[in-house]
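Here is run.cif, consisting of mmCIF, C-alpha atoms and all ligand atoms:
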data_entry
loop_
_atom_site.group_PDB
_atom_site.id
_atom_site.type_symbol
_atom_site.label_atom_id
_atom_site.label_comp_id
_atom_site.auth_asym_id
_atom_site.auth_seq_id
_atom_site.Cartn_x
_atom_site.Cartn_y
_atom_site.Cartn_z
ATOM 1 C CA MET A 1 4.240 -15.059 -38.559
ATOM 2 C CA ARG A 2 1.668 -12.691 -40.021
ATOM 3 C CA TYR A 3 1.042 -9.259 -38.554
ATOM 4 C CA GLU A 4 -1.575 -6.602 -38.865
ATOM 5 C CA PHE A 5 -0.108 -3.096 -38.394
ATOM 6 C CA LYS A 6 -2.483 -0.956 -36.401
ATOM 7 C CA PRO A 7 -1.923 2.817 -36.172
ATOM 8 C CA VAL A 8 -1.979 4.216 -32.617
ATOM 9 C CA SER A 9 -4.532 7.019 -32.325
ATOM 10 C CA ALA A 10 -3.896 7.893 -28.663
ATOM 11 C CA CYS A 11 -1.533 6.938 -25.838
ATOM 12 C CA ASN A 12 -2.897 3.776 -24.237
ATOM 13 C CA MET A 13 -2.185 4.957 -20.696
ATOM 14 C CA CYS A 14 -2.985 8.701 -20.710
ATOM 15 C CA GLY A 15 -4.921 9.359 -23.928
ATOM 16 C CA SER A 16 -2.521 12.020 -25.250
ATOM 17 C CA THR A 17 -1.962 12.234 -29.017
ATOM 18 C CA ASP A 18 1.379 14.051 -28.734
ATOM 19 C CA PHE A 19 4.134 11.519 -29.591
ATOM 20 C CA ARG A 20 7.851 11.863 -30.274
ATOM 21 C CA PHE A 21 9.585 9.533 -32.754
ATOM 22 C CA LEU A 22 12.471 7.726 -31.030
ATOM 23 C CA GLY A 23 13.761 5.482 -33.828
ATOM 24 C CA MET A 24 13.181 2.143 -35.532
ATOM 25 C CA ARG A 25 12.961 -1.262 -33.845
ATOM 26 C CA LEU A 26 13.779 -4.436 -35.744
ATOM 27 C CA SER A 27 11.680 -7.578 -35.575
ATOM 28 C CA ALA A 28 14.724 -9.472 -34.270
ATOM 29 C CA SER A 29 17.606 -8.973 -31.905
ATOM 30 C CA GLN A 30 19.605 -6.045 -33.341
ATOM 31 C CA GLY A 31 23.065 -6.828 -31.996
ATOM 32 C CA TRP A 32 25.747 -4.139 -32.166
ATOM 33 C CA THR A 33 25.350 -3.537 -35.903
ATOM 34 C CA PRO A 34 21.624 -3.332 -36.589
ATOM 35 C CA ARG A 35 22.185 -2.393 -40.225
ATOM 36 C CA ARG A 36 23.469 -5.925 -40.828
ATOM 37 C CA ALA A 37 20.629 -7.618 -38.946
ATOM 38 C CA LYS A 38 17.681 -8.901 -40.956
ATOM 39 C CA GLY A 39 14.027 -8.305 -40.346
ATOM 40 C CA ILE A 40 11.341 -5.686 -40.680
ATOM 41 C CA ALA A 41 11.418 -2.537 -38.561
ATOM 42 C CA VAL A 42 8.632 -0.560 -36.889
ATOM 43 C CA PRO A 43 8.723 3.066 -35.677
ATOM 44 C CA VAL A 44 9.018 3.454 -31.893
ATOM 45 C CA LYS A 45 7.400 6.485 -30.278
ATOM 46 C CA ARG A 46 7.265 8.074 -26.836
ATOM 47 C CA CYS A 47 4.214 9.832 -25.427
ATOM 48 C CA ARG A 48 5.248 13.404 -24.590
ATOM 49 C CA ALA A 49 2.673 13.600 -21.798
ATOM 50 C CA CYS A 50 3.408 10.430 -19.815
ATOM 51 C CA GLY A 51 6.593 8.876 -21.254
ATOM 52 C CA LEU A 52 4.920 5.645 -22.452
ATOM 53 C CA VAL A 53 7.009 4.004 -25.207
ATOM 54 C CA PHE A 54 5.327 1.858 -27.873
ATOM 55 C CA ALA A 55 5.400 0.888 -31.552
ATOM 56 C CA ASP A 56 3.286 2.971 -33.951
ATOM 57 C CA PRO A 57 1.882 1.316 -36.002
ATOM 58 C CA GLN A 58 1.573 -1.555 -33.559
ATOM 59 C CA PRO A 59 2.313 -4.988 -35.061
ATOM 60 C CA ILE A 60 -0.379 -7.400 -33.897
ATOM 61 C CA PRO A 61 0.124 -11.096 -34.710
ATOM 62 C CA GLU A 62 -2.662 -12.995 -36.436
ATOM 63 C CA SER A 63 -2.715 -15.380 -33.481
ATOM 64 C CA LEU A 64 -1.365 -14.705 -29.988
ATOM 65 C CA ALA A 65 -0.081 -18.282 -30.015
ATOM 66 C CA ASP A 66 2.528 -17.029 -32.533
ATOM 67 C CA HIS A 67 4.105 -15.187 -29.595
ATOM 68 C CA TYR A 68 3.194 -17.277 -26.595
ATOM 69 C CA GLY A 69 2.531 -20.782 -27.901
ATOM 70 C CA LEU A 70 5.938 -21.982 -26.696
ATOM 71 C CA PRO A 71 6.048 -24.745 -24.103
ATOM 72 C CA PRO A 72 6.958 -23.388 -20.623
ATOM 73 C CA ASP A 73 10.358 -25.068 -20.719
ATOM 74 C CA GLU A 74 11.334 -23.013 -23.769
ATOM 75 C CA TYR A 75 10.033 -19.724 -22.463
ATOM 76 C CA TRP A 76 11.672 -19.896 -19.053
ATOM 77 C CA ILE A 77 15.247 -20.745 -19.715
ATOM 78 C CA GLY A 78 17.441 -21.843 -16.844
ATOM 79 C CA GLU A 79 16.935 -24.327 -14.034
ATOM 80 C CA ALA A 80 17.019 -21.718 -11.256
ATOM 81 C CA GLN A 81 13.912 -20.001 -12.580
ATOM 82 C CA ARG A 82 11.894 -23.194 -12.271
ATOM 83 C CA HIS A 83 12.396 -23.582 -8.520
ATOM 84 C CA TRP A 84 10.333 -21.845 -5.892
ATOM 85 C CA THR A 85 11.920 -20.357 -2.787
ATOM 86 C CA PRO A 86 10.196 -18.306 -0.071
ATOM 87 C CA ALA A 87 12.198 -15.285 -1.286
ATOM 88 C CA TYR A 88 10.164 -15.221 -4.514
ATOM 89 C CA LEU A 89 8.058 -12.011 -4.585
ATOM 90 C CA SER A 90 8.792 -11.573 -0.844
ATOM 91 C CA ASP A 91 9.757 -7.864 -0.995
ATOM 92 C CA GLU A 92 6.635 -7.022 -2.967
ATOM 93 C CA ILE A 93 4.415 -9.036 -0.629
ATOM 94 C CA ALA A 94 5.991 -7.352 2.416
ATOM 95 C CA GLU A 95 5.349 -3.909 0.890
ATOM 96 C CA ALA A 96 1.751 -4.840 0.053
ATOM 97 C CA LYS A 97 1.186 -6.083 3.623
ATOM 98 C CA ARG A 98 2.507 -2.787 4.989
ATOM 99 C CA LEU A 99 0.247 -0.736 2.713
ATOM 100 C CA LEU A 100 -2.782 -2.953 3.415
ATOM 101 C CA ASP A 101 -2.450 -3.128 7.175
ATOM 102 C CA PHE A 102 -2.491 -6.872 6.578
ATOM 103 C CA THR A 103 -4.636 -9.422 8.364
ATOM 104 C CA PRO A 104 -4.308 -13.172 7.559
ATOM 105 C CA GLY A 105 -6.744 -14.515 4.996
ATOM 106 C CA MET A 106 -6.906 -11.340 2.915
ATOM 107 C CA LYS A 107 -7.767 -12.222 -0.693
ATOM 108 C CA ALA A 108 -5.033 -11.901 -3.332
ATOM 109 C CA LEU A 109 -5.096 -12.368 -7.103
ATOM 110 C CA ASP A 110 -1.996 -13.213 -9.135
ATOM 111 C CA VAL A 111 -2.472 -11.982 -12.720
ATOM 112 C CA GLY A 112 -0.428 -14.178 -15.056
ATOM 113 C CA VAL A 113 0.210 -17.169 -12.795
ATOM 114 C CA GLY A 114 2.944 -18.569 -15.070
ATOM 115 C CA LEU A 115 4.527 -21.480 -13.245
ATOM 116 C CA GLY A 116 2.639 -20.708 -10.042
ATOM 117 C CA LYS A 117 5.486 -19.387 -7.929
ATOM 118 C CA GLY A 118 3.758 -16.116 -7.071
ATOM 119 C CA MET A 119 0.616 -17.882 -5.866
ATOM 120 C CA ARG A 120 2.697 -20.152 -3.710
ATOM 121 C CA SER A 121 4.474 -17.179 -2.123
ATOM 122 C CA LEU A 122 1.171 -15.389 -1.540
ATOM 123 C CA ALA A 123 -0.305 -18.449 0.154
ATOM 124 C CA ALA A 124 2.848 -18.933 2.252
ATOM 125 C CA ALA A 125 2.561 -15.297 3.365
ATOM 126 C CA GLY A 126 -0.976 -15.834 4.678
ATOM 127 C CA PHE A 127 -3.023 -14.587 1.731
ATOM 128 C CA ASP A 128 -6.042 -16.442 0.354
ATOM 129 C CA ALA A 129 -4.400 -16.814 -3.064
ATOM 130 C CA TRP A 130 -6.178 -16.947 -6.440
ATOM 131 C CA GLY A 131 -4.866 -16.583 -9.967
ATOM 132 C CA ILE A 132 -5.571 -16.172 -13.658
ATOM 133 C CA GLU A 133 -3.424 -17.472 -16.504
ATOM 134 C CA PRO A 134 -4.236 -17.060 -20.210
ATOM 135 C CA SER A 135 -1.976 -19.864 -21.487
ATOM 136 C CA PRO A 136 -3.369 -23.412 -21.147
ATOM 137 C CA GLU A 137 0.211 -24.769 -21.347
ATOM 138 C CA PHE A 138 1.385 -22.711 -18.378
ATOM 139 C CA ARG A 139 -1.763 -23.390 -16.369
ATOM 140 C CA ASP A 140 -1.369 -27.162 -16.887
ATOM 141 C CA HIS A 141 2.315 -26.920 -15.971
ATOM 142 C CA ALA A 142 1.574 -24.969 -12.771
ATOM 143 C CA ILE A 143 -1.046 -27.542 -11.751
ATOM 144 C CA ALA A 144 1.134 -30.570 -12.570
ATOM 145 C CA LYS A 145 4.521 -29.373 -11.357
ATOM 146 C CA PHE A 146 3.769 -26.746 -8.701
ATOM 147 C CA ASP A 147 0.736 -28.295 -6.981
ATOM 148 C CA VAL A 148 -1.397 -25.297 -7.858
ATOM 149 C CA ASP A 149 -5.068 -25.946 -7.073
ATOM 150 C CA PRO A 150 -6.896 -26.009 -10.463
ATOM 151 C CA ASP A 151 -10.020 -24.549 -8.854
ATOM 152 C CA ARG A 152 -8.051 -21.463 -7.884
ATOM 153 C CA VAL A 153 -6.570 -20.639 -11.307
ATOM 154 C CA ALA A 154 -8.975 -19.482 -13.990
ATOM 155 C CA LEU A 155 -7.899 -19.903 -17.606
ATOM 156 C CA ALA A 156 -8.296 -16.221 -18.477
ATOM 157 C CA ALA A 157 -6.477 -12.988 -19.241
ATOM 158 C CA ALA A 158 -6.756 -9.718 -17.347
ATOM 159 C CA GLU A 159 -8.791 -8.303 -20.250
ATOM 160 C CA THR A 160 -11.339 -11.124 -20.119
ATOM 161 C CA ALA A 161 -11.453 -12.545 -16.564
ATOM 162 C CA GLU A 162 -14.639 -11.969 -14.604
ATOM 163 C CA PHE A 163 -14.668 -11.155 -10.884
ATOM 164 C CA PRO A 164 -17.167 -9.212 -8.792
ATOM 165 C CA ASP A 165 -16.310 -5.588 -7.930
ATOM 166 C CA GLY A 166 -14.518 -5.194 -4.618
ATOM 167 C CA HIS A 167 -13.526 -8.858 -4.387
ATOM 168 C CA PHE A 168 -9.782 -8.729 -3.626
ATOM 169 C CA ASP A 169 -7.512 -6.929 -1.152
ATOM 170 C CA PHE A 170 -4.422 -7.320 -3.302
ATOM 171 C CA VAL A 171 -3.868 -7.822 -7.032
ATOM 172 C CA THR A 172 -0.394 -8.408 -8.409
ATOM 173 C CA PHE A 173 0.718 -7.981 -12.023
ATOM 174 C CA GLY A 174 4.230 -9.423 -12.229
ATOM 175 C CA ALA A 175 5.742 -9.013 -15.670
ATOM 176 C CA VAL A 176 2.375 -8.726 -17.413
ATOM 177 C CA LEU A 177 1.328 -5.208 -18.420
ATOM 178 C CA GLU A 178 4.143 -4.733 -20.946
ATOM 179 C CA HIS A 179 2.892 -7.825 -22.844
ATOM 180 C CA LEU A 180 -0.705 -6.631 -23.238
ATOM 181 C CA TYR A 181 -1.983 -4.679 -26.257
ATOM 182 C CA ASP A 182 -4.327 -2.744 -23.961
ATOM 183 C CA PRO A 183 -2.658 -2.454 -20.536
ATOM 184 C CA ALA A 184 -4.935 0.448 -19.506
ATOM 185 C CA LEU A 185 -8.021 -1.748 -19.980
ATOM 186 C CA ALA A 186 -6.479 -4.536 -17.882
ATOM 187 C CA LEU A 187 -5.545 -2.073 -15.130
ATOM 188 C CA ASP A 188 -8.973 -0.445 -15.051
ATOM 189 C CA ARG A 189 -10.662 -3.843 -14.788
ATOM 190 C CA ALA A 190 -8.290 -5.070 -12.063
ATOM 191 C CA MET A 191 -8.724 -1.865 -10.043
ATOM 192 C CA ARG A 192 -12.454 -2.550 -9.971
ATOM 193 C CA TRP A 193 -11.823 -6.044 -8.580
ATOM 194 C CA LEU A 194 -10.138 -4.431 -5.571
ATOM 195 C CA LYS A 195 -11.940 -3.501 -2.400
ATOM 196 C CA PRO A 196 -11.797 0.217 -1.552
ATOM 197 C CA GLY A 197 -8.337 0.743 -0.040
ATOM 198 C CA GLY A 198 -7.034 -2.400 -1.769
ATOM 199 C CA ILE A 199 -3.595 -2.434 -3.401
ATOM 200 C CA LEU A 200 -2.541 -3.298 -6.959
ATOM 201 C CA HIS A 201 1.128 -4.076 -7.543
ATOM 202 C CA ALA A 202 2.708 -3.913 -10.995
ATOM 203 C CA GLU A 203 6.260 -4.258 -12.215
ATOM 204 C CA VAL A 204 6.973 -2.873 -15.699
ATOM 205 C CA PRO A 205 9.977 -1.935 -17.865
ATOM 206 C CA SER A 206 10.931 1.714 -17.347
ATOM 207 C CA SER A 207 11.170 3.931 -20.436
ATOM 208 C CA ASP A 208 13.804 6.008 -18.612
ATOM 209 C CA TYR A 209 16.208 3.034 -18.283
ATOM 210 C CA LEU A 210 19.726 4.427 -18.486
ATOM 211 C CA MET A 211 21.199 1.443 -20.363
ATOM 212 C CA SER A 212 18.620 1.817 -23.167
ATOM 213 C CA ARG A 213 19.514 5.488 -23.501
ATOM 214 C CA LEU A 214 23.226 4.680 -23.692
ATOM 215 C CA LEU A 215 22.636 1.959 -26.281
ATOM 216 C CA ASN A 216 20.441 4.307 -28.350
ATOM 217 C CA LEU A 217 23.215 6.899 -28.205
ATOM 218 C CA PHE A 218 25.668 4.258 -29.384
ATOM 219 C CA PHE A 219 23.387 3.412 -32.343
ATOM 220 C CA THR A 220 23.117 7.133 -33.198
ATOM 221 C CA LEU A 221 26.896 7.539 -33.108
ATOM 222 C CA ARG A 222 27.162 4.623 -35.533
ATOM 223 C CA GLY A 223 24.916 6.484 -37.927
ATOM 224 C CA THR A 224 21.738 4.401 -37.602
ATOM 225 C CA ASN A 225 18.318 5.409 -36.311
ATOM 226 C CA TYR A 226 17.661 2.142 -34.492
ATOM 227 C CA VAL A 227 16.604 2.074 -30.841
ATOM 228 C CA THR A 228 16.702 -0.738 -28.315
ATOM 229 C CA ASN A 229 13.376 0.031 -26.609
ATOM 230 C CA ILE A 230 10.629 -2.622 -26.553
ATOM 231 C CA SER A 231 10.501 -5.867 -28.599
ATOM 232 C CA PRO A 232 7.095 -5.979 -30.299
ATOM 233 C CA MET A 233 7.955 -8.791 -32.724
ATOM 234 C CA HIS A 234 10.487 -10.984 -30.923
ATOM 235 C CA SER A 235 11.003 -12.504 -27.506
ATOM 236 C CA PRO A 236 10.374 -11.296 -24.810
ATOM 237 C CA PHE A 237 7.586 -9.443 -26.717
ATOM 238 C CA HIS A 238 7.567 -6.225 -24.705
ATOM 239 C CA LEU A 239 5.014 -3.899 -26.276
ATOM 240 C CA TYR A 240 5.360 -1.012 -23.829
ATOM 241 C CA GLU A 241 7.718 0.772 -21.479
ATOM 242 C CA PHE A 242 6.305 3.027 -18.766
ATOM 243 C CA THR A 243 7.120 5.902 -16.441
ATOM 244 C CA LEU A 244 5.487 6.793 -13.132
ATOM 245 C CA ARG A 245 3.489 9.465 -15.012
ATOM 246 C CA SER A 246 1.865 6.697 -17.074
ATOM 247 C CA PHE A 247 -0.030 5.719 -13.883
ATOM 248 C CA ARG A 248 -1.117 9.211 -12.847
ATOM 249 C CA LYS A 249 -4.850 8.608 -13.150
ATOM 250 C CA TYR A 250 -4.549 6.270 -10.156
ATOM 251 C CA GLU A 251 -3.486 6.930 -6.565
ATOM 252 C CA VAL A 252 0.134 5.767 -6.340
ATOM 253 C CA ALA A 253 0.610 4.521 -2.767
ATOM 254 C CA HIS A 254 4.274 3.653 -3.246
ATOM 255 C CA HIS A 255 6.811 3.183 -6.044
ATOM 256 C CA GLY A 256 10.416 2.241 -6.645
ATOM 257 C CA TYR A 257 12.940 1.160 -9.280
ATOM 258 C CA MET A 258 14.923 -2.002 -9.786
ATOM 259 C CA ILE A 259 18.361 -1.378 -11.218
ATOM 260 C CA GLY A 260 18.543 -4.649 -13.127
ATOM 261 C CA VAL A 261 21.565 -5.990 -14.923
ATOM 262 C CA THR A 262 24.338 -4.124 -16.742
ATOM 263 C CA PRO A 263 25.706 -6.904 -18.964
ATOM 264 C CA HIS A 264 27.283 -4.719 -21.668
ATOM 265 C CA LEU A 265 29.552 -2.809 -19.313
ATOM 266 C CA PRO A 266 33.178 -3.377 -18.403
ATOM 267 C CA LYS A 267 33.459 -4.531 -14.757
ATOM 268 C CA LEU A 268 35.143 -1.293 -13.673
ATOM 269 C CA LEU A 269 32.106 0.728 -14.758
ATOM 270 C CA THR A 270 29.429 -1.528 -13.260
ATOM 271 C CA ARG A 271 29.419 0.000 -9.758
ATOM 272 C CA PRO A 272 29.419 3.685 -10.805
ATOM 273 C CA VAL A 273 26.709 3.091 -13.407
ATOM 274 C CA GLU A 274 24.550 1.217 -10.906
ATOM 275 C CA TRP A 275 25.016 4.070 -8.452
ATOM 276 C CA LEU A 276 24.052 6.555 -11.166
ATOM 277 C CA MET A 277 20.907 4.577 -12.015
ATOM 278 C CA ALA A 278 19.866 4.447 -8.363
ATOM 279 C CA TRP A 279 20.529 8.183 -7.925
ATOM 280 C CA SER A 280 18.839 9.297 -11.157
ATOM 281 C CA ARG A 281 15.957 6.785 -10.875
ATOM 282 C CA THR A 282 16.786 5.310 -14.266
ATOM 283 C CA GLY A 283 16.820 1.614 -13.341
ATOM 284 C CA MET A 284 15.448 -1.076 -15.633
ATOM 285 C CA GLN A 285 12.145 -1.814 -13.907
ATOM 286 C CA LEU A 286 9.508 0.448 -12.386
ATOM 287 C CA ILE A 287 7.476 -0.943 -9.495
ATOM 288 C CA VAL A 288 4.203 0.737 -8.580
ATOM 289 C CA TYR A 289 1.641 0.119 -5.836
ATOM 290 C CA LEU A 290 -1.720 1.647 -6.710
ATOM 291 C CA ARG A 291 -4.523 2.120 -4.208
ATOM 292 C CA ARG A 292 -8.194 1.901 -5.046
HETATM 293 ZN ZN ZN B 301 0.783 8.952 -22.404
#
Encoded form using structure tokens:
Amino acid sequence: MRYEFKPVSACNMCGSTDFRFLGMRLSASQGWTPRRAKGIAVPVKRCRACGLVFADPQPIPESLADHYGLPPDEYWIGEAQRHWTPAYLSDEIAEAKRLLDFTPGMKALDVGVGLGKGMRSLAAAGFDAWGIEPSPEFRDHAIAKFDVDPDRVALAAAETAEFPDGHFDFVTFGAVLEHLYDPALALDRAMRWLKPGGILHAEVPSSDYLMSRLLNLFFTLRGTNYVTNISPMHSPFHLYEFTLRSFRKYEVAHHGYMIGVTPHLPKLLTRPVEWLMAWSRTGMQLIVYLRR
């Protein structure tokens, strides 16, 4: 893979130029002893104004296919993730319906259709469901295996898709924004696609995640300056982590945190740490509902 390293002149989400250096991130999984791992490392920084975490300089691959050219079966490991159930996205859809004062037939857009499970849930919940998907492999897979209507899924990314202003009642970004080089551009465009009063849902990695902080502390105690935040040059290719303040230019109608998994902990500690994350709002994922 070839990368271009692009210096970051301002925070993508809030425009601030005041960054704090967090540590170095390797281009591969670091394990418990990053000094022994091989790869190149990039500096990771945190915006002092809004808490956005990103690499600076930002490694940008020569071709996006270097990151996302994998066939769907390789990217989504595990049988369970390939099957749709009505529970998929159901909490988020219920919250959106509450915020929208839902009536059947409202128009929804799924950004990053993937295998098509979100669109199926939206349609099952009474939305008029549409989608965009930048990967031809995933779009073909969704059409072939998940009966997604090809006329309803445009082959496009949030940065390039074209819709009229005020077209949708609900836009959902599943795990998308953290993969984009310019998430603020994608958000601004998608907000314009919403009708006034419409709702945009996004789920993103939280830069206040307690487990990342503990792991970073562990690395510090071992005498290295590595950090575990983001993964700009290896799977799952997370380029950003966010806080609620990263979204402050929009009207936040509702937000919450998902605790996520605590795989590195002894069983005895799992419950107390999960409680602590819920109490201190330091779960793995941040979920925001923005209103136009
Ligand atoms: Zn910022």
List all protein, DNA and RNA residues that have at least one atom no more than 6 Å from any atom of ligand ZN 301 (chain B), counting all atoms listed in the file, and write them as a count of residues only. 11
With a distance cut-off of 10 Å and only C-alpha atoms, select the neighbouring residues of Leu177 (chain A), excluding the residue or stretch itself and same-chain residues fewer than 6 positions from it, and output the selection as a PyMOL selection string. chain A and resi 111-112+158+183-184+186-187+202-205+238-242
Do you have the CA of Tyr257 (chain A)-CA of Val288 (chain A) distance handy? 8.8 Å
Compute the distance from (0.7, 9.2, -4.2) to each atom, counting all atoms listed in the file, keep the residues with any atom at most 12 Å away, and return them as a list in words; use the coordinates of the file. Leu244, Arg245, Phe247, Arg248, Lys249, Tyr250, Glu251, Val252, Ala253, His254, His255, Val288, Tyr289, Leu290, Arg291 and Arg292 of chain A
Distance CA of Asp56 (chain A)-CA of Lys6 (chain A), one decimal place?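 A separation of 7.4 Å between them.
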When the PyMOL selection byres (((chain A and resi 168) around 7) and not hetatm) is applied to the structure above, which residues does it catch, written out as a ChimeraX atom specification? /A:107-109,166-167,169-171,193-195
Can you pull out the residues contacting Val42 (chain A)? Cut-off 7 Å, using all atoms listed in the file, and skip same-chain residues under 5 positions away; I want them as a list of chain:residue names.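 The filter keeps A:Met24, A:Arg25, A:Leu26, A:Ala55.
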Could you write out as an MDAnalysis selection string the residues that the PyMOL selection byres (((chain A and resi 209) around 6) and not hetatm) matches in the shown file? chainID A and resid 206:208 210:212 282:284
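Of the residues under consideration (A:Pro43, A:Pro236, A:Pro196, A:Gly114), A:Gly114 shows the shortest atom-to-atom contact distance to Ala156 (chain A) when counting only C-alpha atoms.
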Restricting the calculation to all atoms listed in the file: of A:Val113, A:Glu4, A:Val44, A:Thr228, which residue gets closest to Arg20 (chain A)?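 For Arg20 (chain A), the nearest of the candidates is A:Val44.
Minimum atom-to-atom distances from A:Lys45, A:Arg152, A:Lys117, A:Arg35 to Trp130 (chain A) were compared using all atoms listed in the file, and the lowest value belongs to A:Arg152.
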For Ala96 (chain A), please output as a PyMOL selection string all residues within 9 Å (counting all atoms listed in the file; exclusion window: fewer than 3 positions along the same chain). chain A and resi 91-93+99-102+170+199-201+289
Name every residue that the PyMOL selection byres (((chain A and resi 60) around 7) and not hetatm) selects in this structure, writing the answer as JSON, numbers by chain with chains first and numbers rising. {"A": [3, 4, 5, 58, 59, 61, 62]}
Would you save the residues of that selection, restricted to C-alpha atoms, as a PDB file, in the frame of the given file?
ATOM      1  CA  TYR A   3       1.042  -9.259 -38.554  1.00  0.00           C
ATOM      2  CA  GLU A   4      -1.575  -6.602 -38.865  1.00  0.00           C
ATOM      3  CA  PHE A   5      -0.108  -3.096 -38.394  1.00  0.00           C
ATOM      4  CA  GLN A  58       1.573  -1.555 -33.559  1.00  0.00           C
ATOM      5  CA  PRO A  59       2.313  -4.988 -35.061  1.00  0.00           C
ATOM      6  CA  PRO A  61       0.124 -11.096 -34.710  1.00  0.00           C
ATOM      7  CA  GLU A  62      -2.662 -12.995 -36.436  1.00  0.00           C
TER       8      GLU A  62
END
Any idea what the distance is between CA of Gly198 (chain A) and CA of Ala124 (chain A)?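 Rounded to one decimal, the two atoms are 19.7 Å apart.
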Which residue is closest to Ile230 (chain A)? Choose from A:Asp188, A:Glu178, A:Asp110, A:Asp128 and count all atoms listed in the file. A:Glu178
Nearest residue to Leu155 (chain A) out of A:Arg222, A:Arg139, A:Arg189, A:Arg120, using all atoms listed in the file?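 The answer is A:Arg139, which sits nearest to Leu155 (chain A).
The shortest atom-to-atom distance to Thr85 (chain A), with all atoms listed in the file taken into account, belongs to A:Phe146 out of A:Phe127, A:Phe163, A:Trp279, A:Phe146.
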Specify the axis-aligned box that encloses all atoms of region 37-56 of chain A listed in the file after padding of 8 Å on each side, stating its centre and edge lengths in Å to one decimal as JSON.
{"center_x": 11.7, "center_y": 2.3, "center_z": -30.4, "size_x": 34.0, "size_y": 38.5, "size_z": 37.1}
